[in-house]
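> This is query-v9.pdb (PDB, C-alpha atoms).
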```
MODEL        1
ATOM      1  CA  MET A 243     -33.412 -54.598 -72.567
ATOM      2  CA  ILE A 244     -35.558 -54.451 -75.686
ATOM      3  CA  THR A 245     -36.855 -51.626 -77.868
ATOM      4  CA  MET A 246     -40.374 -51.509 -79.260
ATOM      5  CA  ASP A 247     -39.002 -52.634 -82.635
ATOM      6  CA  GLY A 248     -37.224 -55.660 -81.163
ATOM      7  CA  VAL A 249     -33.623 -54.494 -80.691
ATOM      8  CA  MET A 250     -32.239 -56.366 -77.697
ATOM      9  CA  GLN A 251     -29.065 -55.397 -75.869
ATOM     10  CA  ALA A 252     -27.619 -55.572 -72.382
ATOM     11  CA  PRO A 253     -27.263 -52.321 -70.426
ATOM     12  CA  GLY A 254     -23.598 -52.026 -71.326
ATOM     13  CA  GLY A 255     -21.585 -49.407 -73.119
ATOM     14  CA  PRO A 256     -21.400 -48.439 -76.795
ATOM     15  CA  GLU A 257     -18.613 -50.940 -77.459
ATOM     16  CA  GLU A 258     -20.428 -53.927 -75.944
ATOM     17  CA  ASP A 259     -21.857 -55.479 -79.107
ATOM     18  CA  ALA A 260     -21.077 -53.844 -82.428
ATOM     19  CA  SER A 261     -21.667 -57.024 -84.432
ATOM     20  CA  GLY A 262     -23.601 -56.669 -87.659
ATOM     21  CA  SER A 263     -22.531 -52.989 -87.849
ATOM     22  CA  PHE A 264     -24.807 -52.155 -84.894
ATOM     23  CA  GLU A 265     -23.992 -48.542 -84.053
ATOM     24  CA  TYR A 266     -26.387 -47.818 -81.187
ATOM     25  CA  GLY A 267     -24.598 -49.630 -78.367
ATOM     26  CA  GLY A 268     -25.260 -48.198 -74.934
ATOM     27  CA  TRP A 269     -28.764 -47.036 -75.911
ATOM     28  CA  THR A 270     -30.103 -48.129 -72.528
ATOM     29  CA  ALA A 271     -27.775 -45.848 -70.516
ATOM     30  CA  PRO A 272     -30.080 -42.782 -70.473
ATOM     31  CA  PHE A 273     -32.850 -44.921 -68.986
ATOM     32  CA  SER A 274     -30.799 -46.830 -66.441
ATOM     33  CA  ASP A 275     -31.311 -44.462 -63.505
ATOM     34  CA  GLU A 276     -35.072 -44.734 -63.844
ATOM     35  CA  VAL A 277     -35.264 -48.515 -63.760
ATOM     36  CA  SER A 278     -31.941 -49.809 -62.486
ATOM     37  CA  GLU A 279     -32.833 -50.049 -58.800
ATOM     38  CA  LYS A 280     -36.055 -52.019 -59.376
ATOM     39  CA  LEU A 281     -34.504 -54.131 -62.129
ATOM     40  CA  PHE A 282     -31.458 -54.937 -60.005
ATOM     41  CA  GLU A 283     -33.731 -55.875 -57.104
ATOM     42  CA  LYS A 284     -35.581 -58.359 -59.346
ATOM     43  CA  MET A 285     -32.389 -59.732 -60.884
ATOM     44  CA  MET A 286     -30.984 -60.502 -57.454
ATOM     45  CA  GLN A 287     -33.838 -62.920 -56.717
ATOM     46  CA  PRO A 288     -33.073 -66.616 -57.326
ATOM     47  CA  ALA A 289     -34.250 -67.689 -60.776
ATOM     48  CA  ASP A 290     -33.092 -69.875 -63.625
ATOM     49  CA  LEU A 291     -31.639 -68.115 -66.659
ATOM     50  CA  LEU A 292     -32.425 -68.727 -70.323
ATOM     51  CA  LEU A 293     -29.722 -67.232 -72.528
ATOM     52  CA  GLY A 294     -28.710 -67.237 -76.147
ATOM     53  CA  ARG A 295     -25.225 -68.511 -76.977
ATOM     54  CA  LYS A 296     -23.585 -65.106 -77.321
ATOM     55  CA  THR A 297     -24.971 -63.754 -74.037
ATOM     56  CA  PHE A 298     -24.176 -67.036 -72.318
ATOM     57  CA  GLU A 299     -20.543 -66.828 -73.453
ATOM     58  CA  ILE A 300     -20.284 -63.237 -72.155
ATOM     59  CA  PHE A 301     -21.820 -64.232 -68.804
ATOM     60  CA  ALA A 302     -19.714 -67.411 -68.476
ATOM     61  CA  ALA A 303     -16.523 -65.455 -69.067
ATOM     62  CA  TYR A 304     -17.404 -62.798 -66.480
ATOM     63  CA  TRP A 305     -19.637 -63.995 -63.636
ATOM     64  CA  PRO A 306     -17.651 -66.912 -62.240
ATOM     65  CA  GLU A 307     -14.971 -64.409 -61.193
ATOM     66  CA  HIS A 308     -17.320 -61.560 -60.171
ATOM     67  CA  ALA A 309     -20.133 -63.300 -58.286
ATOM     68  CA  ASP A 310     -19.761 -60.922 -55.354
ATOM     69  CA  PHE A 311     -21.649 -58.363 -57.486
ATOM     70  CA  TRP A 312     -24.510 -60.827 -58.178
ATOM     71  CA  PRO A 313     -24.724 -63.302 -55.304
ATOM     72  CA  GLY A 314     -26.145 -66.626 -56.439
ATOM     73  CA  ILE A 315     -25.455 -66.176 -60.168
ATOM     74  CA  ASN A 316     -23.192 -69.191 -60.219
ATOM     75  CA  ASP A 317     -25.705 -71.361 -58.352
ATOM     76  CA  VAL A 318     -28.799 -70.954 -60.553
ATOM     77  CA  THR A 319     -29.509 -73.292 -63.442
ATOM     78  CA  LYS A 320     -28.458 -71.684 -66.699
ATOM     79  CA  TYR A 321     -30.059 -72.858 -69.947
ATOM     80  CA  TYR A 322     -28.567 -71.760 -73.242
ATOM     81  CA  LEU A 323     -29.786 -71.986 -76.802
ATOM     82  CA  SER A 324     -27.125 -72.816 -79.350
ATOM     83  CA  GLY A 325     -26.706 -74.934 -82.426
ATOM     84  CA  THR A 326     -22.938 -74.965 -82.051
ATOM     85  CA  MET A 327     -22.134 -75.030 -78.328
ATOM     86  CA  LYS A 328     -22.688 -78.491 -76.855
ATOM     87  CA  LYS A 329     -21.508 -78.036 -73.236
ATOM     88  CA  SER A 330     -20.106 -75.564 -70.762
ATOM     89  CA  ASP A 331     -18.002 -75.786 -67.643
ATOM     90  CA  TRP A 332     -19.939 -73.000 -65.925
ATOM     91  CA  LYS A 333     -21.707 -74.534 -62.930
ATOM     92  CA  LEU A 334     -25.266 -75.790 -63.581
ATOM     93  CA  SER A 335     -25.336 -75.046 -67.299
ATOM     94  CA  MET A 336     -27.621 -77.002 -69.593
ATOM     95  CA  PRO A 337     -28.005 -76.874 -73.380
TER      96      PRO A 337
ENDMDL
END
```
Please express what this file holds, its structure, as structure tokens.

Amino acid sequence: MITMDGVMQAPGGPEEDASGSFEYGGWTAPFSDEVSEKLFEKMMQPADLLLGRKTFEIFAAYWPEHADFWPGINDVTKYYLSGTMKKSDWKLSMP
């Protein structure tokens, strides 16, 4: 999810990412009913993922144990961009 001025954040709650004193967490919630069904439909299609390090770490900590909510998430190739993280144990992950 991205605003017109470039603020990017997952559709989580206000506490999801408060780093850098970000105080608008959960900003996507009011819009989720309008787009969630179509977005979820697209996300469920097989596709590789390109993630930044922080998002990758959040996903890698969650999805291996919750794949029943997103079938196939553990089987797609996951690319991550990081200057500090060199490898991951999450299936099919590539720096």
> Contacts of Glu258 (chain A) at 12 Å or less, counting all atoms listed in the file, minus same-chain residues fewer than 3 places along, as a ChimeraX atom specification?
/A:251-255,261,264-270,296-297,300
> If I take CA of Glu283 (chain A) and CA of Ala302 (chain A), how far is one from the other in Å, to one decimal?
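Result for CA of Glu283 (chain A) versus CA of Ala302 (chain A): 21.4 Å, one decimal.
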> I'd like the residues picked by the PyMOL selection byres ((chain A and resi 293) around 12) written out as a list of chain:residue names, using the chain letters and numbers from the file.
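So the PyMOL selection byres ((chain A and resi 293) around 12) ends up selecting A:Ala252, A:Asp290, A:Leu291, A:Leu292, A:Gly294, A:Arg295, A:Lys296, A:Thr297, A:Phe298, A:Glu299, A:Ile300, A:Phe301, A:Ala302, A:Thr319, A:Lys320, A:Tyr321, A:Tyr322, A:Leu323, A:Ser324, A:Ser335, A:Met336, A:Pro337.
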> Which residue gives the smallest distance to Met286 (chain A) among A:Pro272, A:Pro313, A:Gly262, A:Pro306, with only C-alpha atoms counted?
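Distance minimum relative to Met286 (chain A) lands on A:Pro313.
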> What is the CA of Glu257 (chain A) to CA of Met327 (chain A) distance in Å?
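About the pair CA of Glu257 (chain A) and CA of Met327 (chain A): they are 24.4 Å apart.
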> What does the structure give for the distance between CA of Ala289 (chain A) and CA of Trp312 (chain A), in Å to one decimal?
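That distance, rounded to one decimal, is 12.2 Å.
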> Kindly indicate which residue among A:Trp305, A:Asn316, A:Lys333, A:Ala271 lies nearest to Pro288 (chain A), using all atoms listed in the file for the distances.
A:Asn316
> Would you mind putting back all heavy atoms on region 286-297 of chain A, then writing it out as a short mmCIF file (atom, residue, chain, number, x, y, z; two decimals), keeping the file's coordinate frame?

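As written to disk, result_25.cif reads:
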```cif
data_model
loop_
_atom_site.label_atom_id
_atom_site.label_comp_id
_atom_site.auth_asym_id
_atom_site.auth_seq_id
_atom_site.Cartn_x
_atom_site.Cartn_y
_atom_site.Cartn_z
N MET A 286 -31.68 -59.89 -58.58
CA MET A 286 -30.98 -60.50 -57.45
C MET A 286 -31.77 -61.66 -56.84
O MET A 286 -31.24 -62.41 -56.04
CB MET A 286 -30.68 -59.45 -56.38
CG MET A 286 -29.77 -58.34 -56.86
SD MET A 286 -28.21 -58.92 -57.50
CE MET A 286 -27.35 -59.29 -56.01
N GLN A 287 -33.03 -61.82 -57.22
CA GLN A 287 -33.84 -62.92 -56.72
C GLN A 287 -33.42 -64.21 -57.41
O GLN A 287 -33.09 -64.21 -58.59
CB GLN A 287 -35.32 -62.65 -56.98
CG GLN A 287 -35.84 -61.40 -56.31
CD GLN A 287 -35.72 -61.45 -54.81
OE1 GLN A 287 -36.04 -62.44 -54.17
NE2 GLN A 287 -35.23 -60.37 -54.23
N PRO A 288 -33.43 -65.34 -56.69
CA PRO A 288 -33.07 -66.62 -57.33
C PRO A 288 -34.02 -66.95 -58.48
O PRO A 288 -35.23 -66.84 -58.33
CB PRO A 288 -33.22 -67.64 -56.20
CG PRO A 288 -33.23 -66.85 -54.94
CD PRO A 288 -33.75 -65.48 -55.29
N ALA A 289 -33.46 -67.31 -59.61
CA ALA A 289 -34.25 -67.69 -60.78
C ALA A 289 -33.33 -68.37 -61.78
O ALA A 289 -32.14 -68.07 -61.84
CB ALA A 289 -34.90 -66.47 -61.41
N ASP A 290 -33.88 -69.27 -62.55
CA ASP A 290 -33.09 -69.88 -63.62
C ASP A 290 -32.92 -68.85 -64.74
O ASP A 290 -33.71 -67.91 -64.86
CB ASP A 290 -33.79 -71.10 -64.18
CG ASP A 290 -33.86 -72.24 -63.18
OD1 ASP A 290 -33.17 -72.18 -62.15
OD2 ASP A 290 -34.60 -73.20 -63.44
N LEU A 291 -31.90 -69.03 -65.54
CA LEU A 291 -31.64 -68.11 -66.66
C LEU A 291 -31.76 -68.85 -67.98
O LEU A 291 -31.30 -69.98 -68.11
CB LEU A 291 -30.22 -67.54 -66.56
CG LEU A 291 -29.90 -66.68 -65.34
CD1 LEU A 291 -28.43 -66.26 -65.37
CD2 LEU A 291 -30.79 -65.46 -65.30
N LEU A 292 -32.35 -68.22 -68.96
CA LEU A 292 -32.42 -68.73 -70.32
C LEU A 292 -31.69 -67.71 -71.19
O LEU A 292 -32.11 -66.56 -71.27
CB LEU A 292 -33.88 -68.88 -70.78
CG LEU A 292 -34.08 -69.27 -72.24
CD1 LEU A 292 -33.45 -70.63 -72.54
CD2 LEU A 292 -35.57 -69.27 -72.58
N LEU A 293 -30.58 -68.14 -71.79
CA LEU A 293 -29.72 -67.23 -72.53
C LEU A 293 -29.42 -67.76 -73.92
O LEU A 293 -29.34 -68.97 -74.12
CB LEU A 293 -28.39 -67.05 -71.78
CG LEU A 293 -28.49 -66.60 -70.32
CD1 LEU A 293 -27.16 -66.80 -69.61
CD2 LEU A 293 -28.94 -65.16 -70.24
N GLY A 294 -29.23 -66.86 -74.85
CA GLY A 294 -28.71 -67.24 -76.15
C GLY A 294 -27.21 -67.50 -76.03
O GLY A 294 -26.58 -67.13 -75.03
N ARG A 295 -26.64 -68.13 -77.04
CA ARG A 295 -25.22 -68.51 -76.98
C ARG A 295 -24.31 -67.32 -76.72
O ARG A 295 -23.43 -67.38 -75.86
CB ARG A 295 -24.80 -69.21 -78.26
CG ARG A 295 -23.31 -69.62 -78.24
CD ARG A 295 -22.76 -69.94 -79.61
NE ARG A 295 -23.02 -68.94 -80.62
CZ ARG A 295 -22.28 -67.83 -80.79
NH1 ARG A 295 -21.26 -67.57 -80.03
NH2 ARG A 295 -22.59 -66.99 -81.76
N LYS A 296 -24.49 -66.25 -77.45
CA LYS A 296 -23.58 -65.11 -77.32
C LYS A 296 -23.63 -64.51 -75.91
O LYS A 296 -22.60 -64.26 -75.29
CB LYS A 296 -23.94 -64.05 -78.36
CG LYS A 296 -22.90 -63.00 -78.52
CD LYS A 296 -23.22 -62.16 -79.73
CE LYS A 296 -21.98 -61.45 -80.20
NZ LYS A 296 -22.18 -60.76 -81.44
N THR A 297 -24.84 -64.29 -75.39
CA THR A 297 -24.97 -63.75 -74.04
C THR A 297 -24.42 -64.74 -73.02
O THR A 297 -23.74 -64.36 -72.07
CB THR A 297 -26.44 -63.43 -73.72
OG1 THR A 297 -26.92 -62.51 -74.70
CG2 THR A 297 -26.60 -62.83 -72.34
#
```
